[in-house]
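Chemist: Got input18.txt for you, compact mmCIF, C-alpha atoms:
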# COMPACT_ATOMS: atom_id res chain seq x y z
CA MET A 7 -27.10 -101.17 -105.64
CA LEU A 8 -24.58 -98.45 -106.44
CA TYR A 9 -21.52 -97.70 -104.33
CA PHE A 10 -19.00 -94.91 -104.37
CA HIS A 11 -15.39 -96.10 -104.09
CA LYS A 12 -15.25 -94.96 -100.47
CA GLU A 13 -18.42 -96.90 -99.55
CA LEU A 14 -17.18 -100.06 -101.22
CA LYS A 15 -13.77 -99.70 -99.57
CA GLU A 16 -15.47 -99.53 -96.16
CA LYS A 17 -17.38 -102.69 -97.02
CA LEU A 18 -14.51 -104.70 -98.58
CA LYS A 19 -11.69 -103.12 -96.49
CA SER A 20 -9.10 -102.46 -99.26
CA ASP A 21 -8.51 -101.45 -102.87
CA TYR A 22 -7.07 -104.91 -103.50
CA GLN A 23 -10.33 -106.54 -102.38
CA ILE A 24 -12.29 -104.17 -104.62
CA GLN A 25 -10.14 -105.14 -107.63
CA LYS A 26 -10.53 -108.81 -106.77
CA ALA A 27 -14.34 -108.45 -106.49
CA VAL A 28 -14.47 -106.64 -109.85
CA THR A 29 -12.33 -109.34 -111.47
CA ASN A 30 -14.60 -112.04 -110.03
CA LYS A 31 -17.66 -110.11 -111.26
CA GLU A 32 -19.05 -109.74 -107.75
CA TYR A 33 -19.06 -105.96 -108.40
CA TYR A 34 -18.90 -104.00 -111.63
CA LYS A 35 -17.07 -100.77 -112.25
CA ILE A 36 -19.62 -98.39 -113.80
CA GLU A 37 -17.27 -95.41 -114.09
CA ASN A 38 -14.40 -93.91 -112.12
CA GLY A 39 -15.25 -94.13 -108.45
CA LEU A 40 -18.65 -95.76 -108.98
CA TYR A 41 -19.41 -99.47 -108.62
CA SER A 42 -22.50 -101.66 -108.75
CA ASP A 43 -23.48 -105.13 -107.66
CA ILE A 44 -25.31 -105.62 -110.99
CA GLU A 45 -23.78 -105.36 -114.43
CA PHE A 46 -26.24 -103.05 -116.16
CA VAL A 47 -27.45 -100.01 -114.22
CA ASN A 48 -30.24 -97.63 -115.19
CA PRO A 49 -28.66 -94.23 -116.07
CA LEU A 50 -31.33 -92.55 -113.93
CA GLU A 51 -30.06 -94.43 -110.89
CA ILE A 52 -26.49 -93.31 -111.61
CA ILE A 53 -27.58 -89.66 -111.82
CA VAL A 54 -29.53 -89.87 -108.56
CA LYS A 55 -26.51 -91.41 -106.83
CA LYS A 56 -23.98 -88.91 -108.22
CA TYR A 57 -26.14 -85.79 -107.82
CA PRO A 58 -28.45 -86.40 -104.84
CA ASN A 59 -29.34 -82.71 -104.41
CA ALA A 60 -30.14 -82.02 -108.08
CA ILE A 61 -33.76 -81.72 -109.19
CA PHE A 62 -35.13 -82.93 -112.52
CA THR A 63 -36.63 -80.07 -114.50
CA SER A 64 -37.48 -78.86 -117.98
CA ASP A 65 -37.83 -81.50 -120.73
CA SER A 66 -37.06 -84.35 -118.31
CA ALA A 67 -39.85 -83.31 -115.94
CA TYR A 68 -42.38 -82.87 -118.76
CA TYR A 69 -41.53 -86.35 -120.01
CA TYR A 70 -41.72 -87.99 -116.56
CA TYR A 71 -45.11 -86.33 -115.95
CA ASP A 72 -46.40 -87.70 -119.29
CA LEU A 73 -47.00 -84.20 -120.62
CA THR A 74 -45.06 -85.06 -123.77
CA ASP A 75 -44.04 -88.22 -125.57
CA VAL A 76 -40.79 -86.64 -126.78
CA ILE A 77 -37.91 -88.44 -125.07
CA PRO A 78 -35.38 -85.78 -124.04
CA ASP A 79 -31.91 -85.94 -125.56
CA TYR A 80 -30.40 -85.05 -122.17
CA PHE A 81 -31.24 -85.32 -118.49
CA TYR A 82 -32.18 -81.81 -117.37
CA LEU A 83 -31.05 -81.15 -113.79
CA ALA A 84 -31.60 -78.02 -111.74
CA THR A 85 -28.92 -77.10 -109.23
CA LYS A 86 -28.33 -74.09 -107.03
CA ARG A 87 -26.56 -71.21 -108.68
CA SER A 88 -23.72 -71.63 -106.20
CA ASP A 89 -23.18 -75.35 -107.02
CA THR A 90 -20.30 -76.56 -109.13
CA ARG A 91 -20.74 -77.26 -112.81
CA ILE A 92 -21.68 -80.81 -113.82
CA ASN A 93 -19.35 -82.16 -116.50
CA ASP A 94 -21.41 -84.88 -118.14
CA LYS A 95 -22.32 -84.91 -121.82
CA ASN A 96 -25.71 -86.51 -121.02
CA ILE A 97 -26.78 -83.79 -118.57
CA LYS A 98 -27.95 -80.24 -119.19
CA GLN A 99 -27.54 -78.27 -116.01
CA VAL A 100 -29.93 -75.44 -115.17
CA PHE A 101 -28.74 -73.03 -112.47
CA ILE A 102 -31.56 -71.79 -110.22
CA PRO A 103 -31.23 -68.88 -107.76
CA ASN A 104 -30.63 -70.35 -104.29
CA ASP A 105 -33.76 -68.73 -102.81
CA LEU A 106 -36.03 -70.30 -105.49
CA PHE A 107 -34.33 -73.69 -105.68
CA ASP A 108 -36.46 -75.73 -103.25
CA PHE A 109 -39.89 -74.33 -104.19
CA GLY A 110 -41.96 -77.16 -105.61
CA LYS A 111 -39.37 -79.87 -105.00
CA ILE A 112 -41.00 -83.28 -104.54
CA GLN A 113 -40.00 -86.92 -104.95
CA ILE A 114 -41.65 -89.30 -107.37
CA GLU A 115 -40.85 -92.82 -108.51
CA VAL A 116 -39.72 -93.24 -112.11
CA GLU A 117 -38.72 -96.71 -113.32
CA ASN A 118 -38.65 -97.87 -109.66
CA ILE A 119 -36.17 -95.11 -108.75
CA LYS A 120 -37.03 -92.22 -106.42
CA ILE A 121 -36.02 -88.93 -108.02
CA ASN A 122 -36.19 -85.28 -106.98
CA ILE A 123 -38.36 -83.35 -109.41
CA TYR A 124 -40.28 -80.08 -109.46
CA ASP A 125 -44.04 -80.50 -109.06
CA GLU A 126 -46.38 -80.05 -112.02
CA GLU A 127 -47.45 -76.59 -110.87
CA ARG A 128 -43.90 -75.26 -110.81
CA MET A 129 -43.21 -76.84 -114.21
CA LEU A 130 -46.31 -75.11 -115.63
CA VAL A 131 -45.01 -71.74 -114.43
CA GLU A 132 -41.59 -72.54 -115.94
CA LEU A 133 -43.24 -73.53 -119.23
CA ILE A 134 -45.10 -70.23 -119.45
CA ARG A 135 -41.97 -68.26 -118.49
CA LYS A 136 -39.98 -69.93 -121.30
CA LYS A 137 -42.81 -69.92 -123.86
CA ASN A 138 -40.86 -67.83 -126.37
CA ILE A 139 -37.75 -70.04 -126.40
CA ILE A 140 -39.48 -73.43 -126.59
CA PRO A 141 -40.41 -74.75 -130.06
CA PHE A 142 -44.06 -73.90 -130.74
CA ASP A 143 -45.26 -77.48 -131.45
CA TYR A 144 -43.58 -78.77 -128.30
CA TYR A 145 -45.10 -75.96 -126.23
CA LYS A 146 -48.57 -76.63 -127.66
CA GLU A 147 -48.34 -80.35 -126.90
CA ILE A 148 -47.40 -79.72 -123.26
CA ILE A 149 -49.92 -76.91 -122.71
CA THR A 150 -52.69 -79.05 -124.22
CA ASN A 151 -51.84 -81.85 -121.78
CA TYR A 152 -51.87 -79.35 -118.91
CA ARG A 153 -55.37 -78.24 -120.01
CA ARG A 154 -56.56 -81.84 -119.72
CA LYS A 155 -55.46 -81.99 -116.09
CA ALA A 156 -56.25 -78.37 -115.14
CA ASP A 157 -58.85 -79.41 -112.57
CA LYS A 158 -56.20 -81.46 -110.70
CA LEU A 159 -53.67 -78.60 -110.45
CA ASP A 160 -53.37 -76.51 -107.27
CA ILE A 161 -54.10 -72.94 -108.39
CA TYR A 162 -52.94 -71.50 -105.06
CA LYS A 163 -49.54 -73.14 -105.47
CA ILE A 164 -49.31 -71.78 -109.01
CA GLN A 165 -50.16 -68.26 -107.81
CA GLU A 166 -47.49 -68.53 -105.12
CA TYR A 167 -44.84 -69.61 -107.66
CA ILE A 168 -45.83 -66.82 -110.05
CA SER A 169 -45.50 -64.26 -107.23
CA TYR A 170 -41.72 -64.82 -107.13
CA TYR A 171 -41.24 -63.37 -110.62
CA LYS A 172 -41.16 -59.72 -111.69
CA ASN A 173 -43.61 -60.13 -114.57
CA GLU A 174 -46.23 -61.68 -112.30
CA ALA A 175 -49.25 -60.06 -113.99
CA SER A 176 -48.36 -61.14 -117.53
CA LEU A 177 -47.51 -64.69 -116.39
CA TYR A 178 -50.86 -64.94 -114.62
CA ASP A 179 -52.72 -63.60 -117.69
CA THR A 180 -50.99 -66.11 -119.97
CA LEU A 181 -51.75 -68.92 -117.54
CA MET A 182 -55.45 -68.06 -117.35
CA ARG A 183 -55.75 -67.62 -121.11
CA GLU A 184 -53.95 -70.81 -122.11
CA VAL A 185 -54.72 -73.35 -119.36
CA PHE A 186 -57.75 -72.48 -117.23
Represent the supplied structure as structure tokens.
Modeler:
Amino acid sequence: MLYFHKELKEKLKSDYQIQKAVTNKEYYKIENGLYSDIEFVNPLEIIVKKYPNAIFTSDSAYYYYDLTDVIPDYFYLATKRSDTRINDKNIKQVFIPNDLFDFGKIQIEVENIKINIYDEERMLVELIRKKNIIPFDYYKEIITNYRRKADKLDIYKIQEYISYYKNEASLYDTLMREVF
């Protein structure tokens, strides 16, 4: 289990006790202010602990949904536009307008860790919106995998998500042409 310094201090009562526990390998210092009761911690678990309100999106979401076999170079996290910047070389932060942030947010289990992630319908809309900036082969792989599961997708949810964007008609046309 992961602990912030403050949580561990409440449990062990002092900084001295924390240092003693780390020296005795009862707890392990993962990074500044973050401790664990096991030596090796899954990076996904660290991210969920440090950024509990962030939502996995983009390449990370496509990978976790098995829409691609390309392992992302970074963890892609969506945060509200008003949130502070994440300074971590392993994370690419995507700022989402506050009014659109929670649409499609769900929790799934990845590697026995519950993570916040956008649902497959929202990720499909995002894929089509960013079609021109995603490498063509990567786009084709993901869209082909969406076609295979088209009958399991909620079209009403997709229509609702599309309605929040200005180019609603062209997004809907592209969606119908390429997926359904």
Chemist: Suppose you want the space between atom CA of Ile148 of chain A and atom CA of Leu133 of chain A; what is it in Å?
Modeler: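 If I compute the distance from atom CA of Ile148 of chain A to atom CA of Leu133 of chain A, I get 8.5 Å.
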Chemist: Go through A:Ser42, A:Ser88, A:Tyr82, A:Ser169 and flag the residue nearest Ala67 of chain A, using all atoms listed in the file for the distances.
Modeler: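 For Ala67 of chain A, the nearest of the given residues is A:Tyr82.
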Chemist: Record the distance separating atom CA of Tyr41 of chain A and atom CA of His11 of chain A, expressed in Å with one decimal.
Modeler: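 Value for the atom CA of Tyr41 of chain A-atom CA of His11 of chain A distance: 6.9 Å.
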Chemist: As a list in words, please: the residues near segment 149-156 of chain A (cut-off 8 Å, all atoms listed in the file, same-chain neighbours under 3 positions excluded).
Modeler: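 Once the nearby chain positions are removed, what remains is Leu73, Thr74, Leu130, Tyr145, Lys146, Leu159, Glu184, Val185 and Phe186 of chain A.
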Chemist: Excluding Ala27 of chain A and residues on its chain fewer than 3 positions from it, collect all residues at most 12 Å away from it, counting all atoms listed in the file, and give them as a list of chain:residue names.
Modeler: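 Everything that qualifies: A:Leu14, A:Lys15, A:Lys17, A:Leu18, A:Lys19, A:Ser20, A:Asp21, A:Tyr22, A:Gln23, A:Ile24, A:Asn30, A:Lys31, A:Glu32, A:Tyr33, A:Tyr34, A:Lys35, A:Tyr41, A:Ser42, A:Asp43.
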Chemist: Let me make sure I understand: among A:Asp179, A:Glu147, A:Asp79, A:Glu37, which one has the smallest atom-to-atom distance to Lys98 of chain A if we use only C-alpha atoms?
Modeler: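 Looking at the shortest contact to Lys98 of chain A, the residue is A:Asp79.
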Chemist: Between atom CA of Asn138 of chain A and atom CA of Tyr70 of chain A, what distance in Å does the model show, to one decimal?
Modeler: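 Between these atoms lies a distance of 22.4 Å.
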Chemist: Is there a way to get, as a list in words, all residues within 10 Å of the point (-48.1, -72.9, -104.1) in file coordinates, counting only C-alpha atoms?
Modeler: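 Collected hits near the coordinates: Phe109, Gly110, Asp125, Glu127, Arg128, Asp160, Ile161, Tyr162, Lys163, Ile164, Gln165, Glu166, Tyr167, Ile168 and Ser169 of chain A.
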Chemist: Between A:Pro58, A:Met7, A:Tyr144, A:Glu13, which one has atoms that come closest to Gln113 of chain A, using all atoms listed in the file?
Modeler: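 Closest to Gln113 of chain A, using all atoms listed in the file: A:Pro58.
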Chemist: Could you name the residues that touch Ile36 of chain A at 9 Å or less, counting only C-alpha atoms, but leaving out those on the same chain fewer than 5 positions away, as a ChimeraX atom specification?
Modeler: /A:8,41-42,45-47,52
Chemist: Can you patch up segment 82-108 of chain A, filling it in to N, CA and C atoms, and show the result as a compact mmCIF listing (two decimals), in the frame of the given file?
Modeler:
# COMPACT_ATOMS: atom_id res chain seq x y z
N TYR A 82 -32.20 -83.21 -117.78
CA TYR A 82 -32.18 -81.81 -117.37
C TYR A 82 -32.22 -81.75 -115.85
N LEU A 83 -31.15 -81.22 -115.24
CA LEU A 83 -31.05 -81.15 -113.79
C LEU A 83 -30.92 -79.71 -113.34
N ALA A 84 -31.70 -79.34 -112.36
CA ALA A 84 -31.60 -78.02 -111.74
C ALA A 84 -30.68 -78.14 -110.53
N THR A 85 -29.78 -77.17 -110.41
CA THR A 85 -28.92 -77.10 -109.23
C THR A 85 -28.91 -75.65 -108.76
N LYS A 86 -28.44 -75.45 -107.54
CA LYS A 86 -28.33 -74.09 -107.03
C LYS A 86 -27.30 -73.33 -107.84
N ARG A 87 -27.48 -72.05 -107.91
CA ARG A 87 -26.56 -71.21 -108.68
C ARG A 87 -25.14 -71.31 -108.13
N SER A 88 -25.03 -71.56 -106.84
CA SER A 88 -23.72 -71.63 -106.20
C SER A 88 -23.05 -73.01 -106.32
N ASP A 89 -23.75 -74.00 -106.87
CA ASP A 89 -23.18 -75.35 -107.02
C ASP A 89 -22.15 -75.39 -108.15
N THR A 90 -21.31 -76.41 -108.08
CA THR A 90 -20.30 -76.56 -109.13
C THR A 90 -20.93 -77.09 -110.42
N ARG A 91 -20.26 -76.84 -111.50
CA ARG A 91 -20.74 -77.26 -112.81
C ARG A 91 -20.64 -78.78 -112.95
N ILE A 92 -21.66 -79.37 -113.56
CA ILE A 92 -21.68 -80.81 -113.82
C ILE A 92 -21.06 -81.05 -115.20
N ASN A 93 -20.01 -81.85 -115.23
CA ASN A 93 -19.35 -82.16 -116.50
C ASN A 93 -19.76 -83.56 -116.96
N ASP A 94 -20.89 -83.62 -117.63
CA ASP A 94 -21.41 -84.88 -118.14
C ASP A 94 -22.14 -84.57 -119.43
N LYS A 95 -21.74 -85.22 -120.51
CA LYS A 95 -22.32 -84.91 -121.82
C LYS A 95 -23.80 -85.28 -121.92
N ASN A 96 -24.30 -86.10 -121.00
CA ASN A 96 -25.71 -86.51 -121.02
C ASN A 96 -26.62 -85.64 -120.15
N ILE A 97 -26.02 -84.63 -119.50
CA ILE A 97 -26.78 -83.79 -118.57
C ILE A 97 -26.71 -82.34 -119.01
N LYS A 98 -27.88 -81.69 -119.01
CA LYS A 98 -27.95 -80.24 -119.19
C LYS A 98 -28.28 -79.67 -117.82
N GLN A 99 -27.38 -78.84 -117.34
CA GLN A 99 -27.54 -78.27 -116.01
C GLN A 99 -28.23 -76.91 -116.10
N VAL A 100 -29.21 -76.70 -115.23
CA VAL A 100 -29.93 -75.44 -115.17
C VAL A 100 -29.66 -74.86 -113.79
N PHE A 101 -29.05 -73.67 -113.76
CA PHE A 101 -28.74 -73.03 -112.47
C PHE A 101 -29.95 -72.21 -112.02
N ILE A 102 -30.40 -72.45 -110.80
CA ILE A 102 -31.56 -71.79 -110.22
C ILE A 102 -31.08 -70.92 -109.05
N PRO A 103 -31.61 -69.71 -108.93
CA PRO A 103 -31.23 -68.88 -107.76
C PRO A 103 -31.49 -69.66 -106.46
N ASN A 104 -30.56 -69.55 -105.53
CA ASN A 104 -30.63 -70.35 -104.29
C ASN A 104 -31.95 -70.17 -103.55
N ASP A 105 -32.52 -68.96 -103.56
CA ASP A 105 -33.76 -68.73 -102.81
C ASP A 105 -34.98 -69.35 -103.48
N LEU A 106 -34.90 -69.68 -104.78
CA LEU A 106 -36.03 -70.30 -105.49
C LEU A 106 -35.84 -71.80 -105.72
N PHE A 107 -34.70 -72.32 -105.33
CA PHE A 107 -34.33 -73.69 -105.68
C PHE A 107 -35.29 -74.74 -105.13
N ASP A 108 -35.67 -74.66 -103.87
CA ASP A 108 -36.46 -75.73 -103.25
C ASP A 108 -37.96 -75.61 -103.45
